[in-house]
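Student: You'll find start28.cif just under this line, and it carries mmCIF, C-alpha atoms.
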```cif
data_protein
loop_
_atom_site.group_PDB
_atom_site.id
_atom_site.type_symbol
_atom_site.label_atom_id
_atom_site.label_comp_id
_atom_site.auth_asym_id
_atom_site.auth_seq_id
_atom_site.Cartn_x
_atom_site.Cartn_y
_atom_site.Cartn_z
ATOM 1 C CA MET I 1 0.000 0.000 0.000
ATOM 2 C CA SER I 2 1.348 3.428 -0.855
ATOM 3 C CA GLU I 3 1.856 6.044 1.811
ATOM 4 C CA PRO I 4 0.240 9.493 1.501
ATOM 5 C CA ILE I 5 2.554 12.288 0.439
ATOM 6 C CA ASN I 6 2.868 14.894 3.153
ATOM 7 C CA ALA I 7 5.070 17.343 1.291
ATOM 8 C CA ALA I 8 3.613 19.537 -1.433
ATOM 9 C CA VAL I 9 4.862 18.924 -4.938
ATOM 10 C CA SER I 10 4.883 21.547 -7.650
ATOM 11 C CA ALA I 11 2.925 20.924 -10.841
ATOM 12 C CA LEU I 12 5.954 20.300 -13.075
ATOM 13 C CA ASN I 13 8.696 19.348 -10.617
ATOM 14 C CA GLY I 14 10.861 22.318 -11.574
ATOM 15 C CA ALA I 15 10.685 21.810 -15.354
ATOM 16 C CA ARG I 16 12.960 24.090 -17.396
ATOM 17 C CA HIS I 17 13.652 24.687 -21.088
ATOM 18 C CA ASP I 18 16.230 26.946 -22.719
ATOM 19 C CA GLY I 19 15.508 28.299 -26.194
ATOM 20 C CA LEU I 20 14.877 31.838 -27.432
ATOM 21 C CA ALA I 21 13.945 32.428 -23.808
ATOM 22 C CA ARG I 22 14.225 30.358 -20.653
ATOM 23 C CA ILE I 23 10.927 28.757 -19.691
ATOM 24 C CA GLU I 24 10.730 27.388 -16.161
ATOM 25 C CA GLU I 25 8.281 26.436 -13.523
ATOM 26 C CA ALA I 26 8.535 28.925 -10.684
ATOM 27 C CA GLY I 27 7.917 26.253 -8.042
ATOM 28 C CA LEU I 28 5.484 26.311 -5.177
ATOM 29 C CA GLN I 29 3.857 29.720 -4.743
ATOM 30 C CA GLY I 30 1.368 30.854 -2.163
ATOM 31 C CA MET I 31 -1.710 32.342 -3.866
ATOM 32 C CA ILE I 32 -4.822 33.727 -2.235
ATOM 33 C CA THR I 33 -7.786 34.981 -4.242
ATOM 34 C CA LEU I 34 -9.435 37.942 -2.521
ATOM 35 C CA ARG I 35 -12.818 39.078 -3.833
ATOM 36 C CA GLY I 36 -14.773 42.043 -2.594
ATOM 37 C CA ASP I 37 -15.168 45.803 -2.919
ATOM 38 C CA LEU I 38 -11.578 46.896 -3.630
ATOM 39 C CA ALA I 39 -12.370 50.432 -2.445
ATOM 40 C CA SER I 40 -13.617 49.275 0.968
ATOM 41 C CA LYS I 41 -11.508 49.779 4.067
ATOM 42 C CA PRO I 42 -11.607 46.079 5.102
ATOM 43 C CA VAL I 43 -10.358 44.871 1.699
ATOM 44 C CA LYS I 44 -7.644 47.519 1.623
ATOM 45 C CA SER I 45 -6.600 46.470 5.134
ATOM 46 C CA ALA I 46 -6.559 42.808 4.104
ATOM 47 C CA VAL I 47 -4.269 43.485 1.124
ATOM 48 C CA THR I 48 -1.897 45.485 3.319
ATOM 49 C CA ALA I 49 -1.967 42.831 6.058
ATOM 50 C CA ALA I 50 -1.078 40.123 3.530
ATOM 51 C CA THR I 51 1.532 41.915 1.451
ATOM 52 C CA GLY I 52 2.554 45.176 3.062
ATOM 53 C CA ALA I 53 1.358 46.901 -0.129
ATOM 54 C CA LYS I 54 -1.681 48.948 -1.055
ATOM 55 C CA VAL I 55 -4.428 47.717 -3.374
ATOM 56 C CA PRO I 56 -3.012 48.012 -6.896
ATOM 57 C CA GLY I 57 -4.777 50.120 -9.492
ATOM 58 C CA GLN I 58 -6.512 48.665 -12.530
ATOM 59 C CA ARG I 59 -4.271 46.077 -14.232
ATOM 60 C CA GLY I 60 -1.551 46.876 -11.708
ATOM 61 C CA VAL I 61 0.946 45.049 -9.531
ATOM 62 C CA ALA I 62 1.807 46.215 -6.010
ATOM 63 C CA ARG I 63 4.800 44.767 -4.171
ATOM 64 C CA GLY I 64 5.197 44.954 -0.427
ATOM 65 C CA LYS I 65 7.602 43.608 2.166
ATOM 66 C CA THR I 66 5.715 40.344 2.648
ATOM 67 C CA GLY I 67 4.076 39.709 -0.717
ATOM 68 C CA THR I 68 2.625 40.942 -3.980
ATOM 69 C CA ALA I 69 -0.905 41.981 -4.943
ATOM 70 C CA LEU I 70 -2.100 41.538 -8.544
ATOM 71 C CA TRP I 71 -5.235 43.280 -9.823
ATOM 72 C CA MET I 72 -7.376 40.597 -11.475
ATOM 73 C CA SER I 73 -10.723 42.329 -12.004
ATOM 74 C CA PRO I 74 -12.760 45.202 -10.519
ATOM 75 C CA ASP I 75 -13.563 42.994 -7.517
ATOM 76 C CA GLU I 76 -10.609 40.591 -7.346
ATOM 77 C CA ILE I 77 -6.999 40.672 -6.174
ATOM 78 C CA MET I 78 -4.506 37.781 -6.267
ATOM 79 C CA LEU I 79 -2.255 37.847 -3.220
ATOM 80 C CA LEU I 80 1.138 36.172 -3.591
ATOM 81 C CA CYS I 81 3.122 35.082 -0.551
ATOM 82 C CA PRO I 82 5.621 32.347 0.280
ATOM 83 C CA TYR I 83 3.971 28.937 -0.038
ATOM 84 C CA ALA I 84 4.856 27.949 3.522
ATOM 85 C CA GLU I 85 3.130 31.083 4.839
ATOM 86 C CA VAL I 86 -0.245 30.747 3.099
ATOM 87 C CA ASP I 87 -2.193 29.646 6.173
ATOM 88 C CA ALA I 88 -0.793 32.452 8.323
ATOM 89 C CA THR I 89 -1.360 34.992 5.548
ATOM 90 C CA LEU I 90 -4.925 33.803 5.023
ATOM 91 C CA ASP I 91 -5.519 34.216 8.775
ATOM 92 C CA LYS I 92 -4.258 37.830 8.531
ATOM 93 C CA VAL I 93 -6.553 38.485 5.571
ATOM 94 C CA THR I 94 -9.572 36.966 7.323
ATOM 95 C CA THR I 95 -8.901 38.970 10.489
ATOM 96 C CA ALA I 96 -8.527 42.214 8.505
ATOM 97 C CA LEU I 97 -11.764 41.545 6.601
ATOM 98 C CA GLY I 98 -13.748 41.050 9.788
ATOM 99 C CA THR I 99 -17.420 40.850 8.882
ATOM 100 C CA ALA I 100 -17.043 42.554 5.489
ATOM 101 C CA HIS I 101 -18.787 40.944 2.539
ATOM 102 C CA ALA I 102 -15.695 39.423 0.898
ATOM 103 C CA LEU I 103 -14.132 36.086 0.018
ATOM 104 C CA ALA I 104 -10.537 34.956 0.602
ATOM 105 C CA VAL I 105 -9.504 31.504 -0.620
ATOM 106 C CA ASP I 106 -6.182 29.645 -0.773
ATOM 107 C CA VAL I 107 -5.770 28.625 -4.426
ATOM 108 C CA SER I 108 -2.062 27.767 -4.204
ATOM 109 C CA ASP I 109 -2.470 24.089 -5.052
ATOM 110 C CA ALA I 110 -4.948 24.793 -7.852
ATOM 111 C CA ARG I 111 -2.573 27.053 -9.792
ATOM 112 C CA ALA I 112 0.899 26.869 -11.321
ATOM 113 C CA MET I 113 3.346 29.664 -12.043
ATOM 114 C CA LEU I 114 5.772 29.759 -14.955
ATOM 115 C CA THR I 115 8.584 32.204 -15.711
ATOM 116 C CA ILE I 116 9.711 33.340 -19.151
ATOM 117 C CA SER I 117 13.045 35.157 -19.132
ATOM 118 C CA GLY I 118 15.607 36.534 -21.555
ATOM 119 C CA PRO I 119 15.734 39.158 -24.304
ATOM 120 C CA ALA I 120 13.063 37.325 -26.366
ATOM 121 C CA ALA I 121 10.631 36.766 -23.462
ATOM 122 C CA ARG I 122 8.048 39.217 -24.855
ATOM 123 C CA GLU I 123 8.237 37.669 -28.311
ATOM 124 C CA VAL I 124 7.744 34.143 -26.993
ATOM 125 C CA LEU I 125 4.625 35.092 -25.029
ATOM 126 C CA ALA I 126 3.276 37.333 -27.809
ATOM 127 C CA LYS I 127 3.014 34.291 -30.086
ATOM 128 C CA LEU I 128 0.436 32.826 -27.701
ATOM 129 C CA CYS I 129 -1.534 35.713 -26.175
ATOM 130 C CA PRO I 130 -3.822 38.331 -27.750
ATOM 131 C CA VAL I 131 -2.170 41.097 -25.707
ATOM 132 C CA ASP I 132 -0.080 44.017 -26.948
ATOM 133 C CA LEU I 133 3.249 43.199 -25.303
ATOM 134 C CA ALA I 134 5.178 46.046 -26.929
ATOM 135 C CA PRO I 135 7.407 47.894 -24.441
ATOM 136 C CA GLY I 136 5.258 51.042 -24.539
ATOM 137 C CA ALA I 137 2.019 49.106 -24.003
ATOM 138 C CA PHE I 138 3.029 46.514 -21.413
ATOM 139 C CA GLY I 139 5.803 46.690 -18.869
ATOM 140 C CA PRO I 140 6.851 45.985 -15.300
ATOM 141 C CA GLY I 141 4.085 46.734 -12.821
ATOM 142 C CA MET I 142 1.316 45.739 -15.249
ATOM 143 C CA VAL I 143 -0.803 42.580 -15.206
ATOM 144 C CA ARG I 144 -3.270 41.147 -17.716
ATOM 145 C CA ARG I 145 -5.741 38.316 -17.613
ATOM 146 C CA THR I 146 -5.921 36.727 -21.017
ATOM 147 C CA ARG I 147 -5.766 33.462 -22.882
ATOM 148 C CA MET I 148 -2.556 31.680 -23.704
ATOM 149 C CA ALA I 149 -3.604 29.608 -26.708
ATOM 150 C CA GLN I 150 -6.537 27.613 -25.269
ATOM 151 C CA VAL I 151 -6.083 28.283 -21.545
ATOM 152 C CA PRO I 152 -6.865 31.216 -19.253
ATOM 153 C CA ALA I 153 -3.778 32.874 -17.832
ATOM 154 C CA ALA I 154 -2.654 35.887 -15.849
ATOM 155 C CA ILE I 155 0.592 37.493 -17.018
ATOM 156 C CA TRP I 156 2.826 40.227 -15.647
ATOM 157 C CA MET I 157 6.359 41.475 -16.021
ATOM 158 C CA GLU I 158 8.876 41.222 -13.217
ATOM 159 C CA ASP I 159 11.352 43.374 -15.153
ATOM 160 C CA ASP I 160 12.093 44.234 -18.801
ATOM 161 C CA GLN I 161 13.208 40.682 -19.610
ATOM 162 C CA SER I 162 11.120 38.399 -17.431
ATOM 163 C CA LEU I 163 7.432 37.591 -17.331
ATOM 164 C CA ARG I 164 5.341 35.458 -15.006
ATOM 165 C CA VAL I 165 2.363 33.368 -16.009
ATOM 166 C CA ILE I 166 -0.258 31.892 -13.689
ATOM 167 C CA CYS I 167 -2.478 29.147 -15.056
ATOM 168 C CA PHE I 168 -4.561 26.352 -13.622
ATOM 169 C CA ARG I 169 -2.432 23.484 -12.337
ATOM 170 C CA SER I 170 -4.430 21.041 -14.469
ATOM 171 C CA VAL I 171 -3.093 22.668 -17.649
ATOM 172 C CA ALA I 172 0.439 23.440 -16.421
ATOM 173 C CA ARG I 173 2.105 20.865 -18.694
ATOM 174 C CA TYR I 174 0.141 22.130 -21.697
ATOM 175 C CA ALA I 175 1.099 25.752 -20.919
ATOM 176 C CA PHE I 176 4.753 24.810 -20.424
ATOM 177 C CA ASP I 177 4.825 22.873 -23.703
ATOM 178 C CA LEU I 178 3.190 25.780 -25.564
ATOM 179 C CA LEU I 179 5.909 28.092 -24.300
ATOM 180 C CA LYS I 180 8.628 25.573 -25.228
ATOM 181 C CA VAL I 181 7.373 25.462 -28.803
ATOM 182 C CA ALA I 182 7.107 29.267 -28.973
ATOM 183 C CA ALA I 183 10.706 29.486 -27.704
ATOM 184 C CA GLN I 184 12.205 27.101 -30.275
ATOM 185 C CA PRO I 185 15.406 28.463 -31.829
ATOM 186 C CA GLY I 186 14.757 29.455 -35.411
ATOM 187 C CA SER I 187 11.208 30.641 -34.691
ATOM 188 C CA GLU I 188 12.185 34.268 -34.089
ATOM 189 C CA VAL I 189 9.720 36.832 -35.372
ATOM 190 C CA GLY I 190 11.829 39.900 -34.554
ATOM 191 C CA VAL I 191 8.952 42.182 -33.530
ATOM 192 C CA TYR I 192 10.405 43.356 -30.203
#
```
How does this structure look as structure tokens?

Tutor:
Amino acid sequence: MSEPINAAVSALNGARHDGLARIEEAGLQGMITLRGDLASKPVKSAVTAATGAKVPGQRGVARGKTGTALWMSPDEIMLLCPYAEVDATLDKVTTALGTAHALAVDVSDARAMLTISGPAAREVLAKLCPVDLAPGAFGPGMVRRTRMAQVPAAIWMEDDQSLRVICFRSVARYAFDLLKVAAQPGSEVGVY
């Protein structure tokens, strides 16, 4: 009889591919979906309690001392924190929300995060997403929810040469393989 696994395992076990850009699984990442009135004091307090940052503006990213807040929609923020600290962070969020009409859920094990890095990172992702990734239209501090080929994804830039992608864990291998194909040497488009 097999024994239950007590340790969390990332979706792709640290998969990595080097091509036009480096594609790699980012590993285990704490993720909390927070839904509610983003202008309300309790939600603002919850974001600050979780990340040390303020609620980001529309399509924005806010980094704090203890985490990152990603704007997902007019009533949704994704809170990123260390995986090992999700329970404690969720407790902080719940306490800050009090009795406010809001929802905070740990989605860490339902999502996967991938990183695309290198000078051709924008080009690789642009082959798959209907988003203007030109430097003047999309840059660090901006987030988009979109589709990457056939799957929903959230994308943002860490810096001028690295992007992050969040997708459902169930399609992590598909998303990784899409990016590998888009990063094949010889497939340069030369747009960016």

Student: Specify as an NGL selection string each residue included when the PyMOL selection byres ((chain I and resi 174-176) around 10) is applied to this file.

Tutor: :I and (12 or 15-17 or 23-25 or 112-116 or 128 or 148-153 or 165-173 or 177-182)

Student: Tell me which of I:Asp37, I:Glu158, I:Asp109, I:Asp91 sits closest to Pro74 (chain I), counting all atoms listed in the file.

Tutor: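 Comparing I:Asp37, I:Glu158, I:Asp109, I:Asp91 against Pro74 (chain I), the winner is I:Asp37.
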
Student: Could you list, as a ChimeraX atom specification, every residue within 12 Å of region 53-55 of chain I, counting only C-alpha atoms and ignoring same-chain residues fewer than 2 positions away?

Tutor: /I:34,36-51,57-81

Student: Which one of I:Leu163, I:Phe138, I:Gly14, I:Ala26 sits closest to Leu125 (chain I) if you count all atoms listed in the file?

Tutor: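 Of the candidates, the smallest distance to Leu125 (chain I) is held by I:Leu163.
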
Student: Apply the PyMOL selection byres ((chain I and resi 104) around 6) to the file shown and report the selected residues as a VMD selection string.

Tutor: chain I and resid 33 to 34 103 105

Student: How far is it from CA of Met142 (chain I) to CA of Leu28 (chain I), in Å with one decimal?

Tutor: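 Result for CA of Met142 (chain I) versus CA of Leu28 (chain I): 22.3 Å, one decimal.
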
Student: Take the PyMOL selection byres ((chain I and resi 160) around 10), run it mentally on this structure, and tell me the resulting residues as an MDAnalysis selection string.

Tutor: chainID I and resid 117:119 121:122 135 138:140 157:159 161:163

Student: Compare I:Lys92, I:Arg22, I:Arg35, I:Lys127 by their minimum atom-to-atom distance to Ser187 (chain I), counting all atoms listed in the file, and give me the closest one.

Tutor: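 Comparing I:Lys92, I:Arg22, I:Arg35, I:Lys127 against Ser187 (chain I), the winner is I:Lys127.
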
Student: Can you tell me how far CA of Glu188 (chain I) sits from CA of Asp132 (chain I), in Å to one decimal?

Tutor: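 Between CA of Glu188 (chain I) and CA of Asp132 (chain I) the gap works out to 17.2 Å.
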
Student: If I take CA of Pro82 (chain I) and CA of Ile155 (chain I), how far is one from the other in Å, to one decimal?

Tutor: 18.7 Å

Student: Between I:Val189, I:Ala134, I:Cys129, I:Ala183, which has the minimum distance to Leu20 (chain I) (counting all atoms listed in the file)?

Tutor: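 Once distances to Leu20 (chain I) are computed over all atoms listed in the file, the minimum belongs to I:Ala183.
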
Student: Between I:Val124, I:Leu133, I:Leu90, I:Val191, which is the closest to Val107 (chain I) once you count all atoms listed in the file?

Tutor: I:Leu90

Student: With all atoms listed in the file as the basis for distance, which of I:Tyr192, I:Met31, I:Pro56, I:Ala102 is at the shortest distance from Ala137 (chain I)?

Tutor: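 That would be I:Tyr192, the residue with the smallest distance to Ala137 (chain I).
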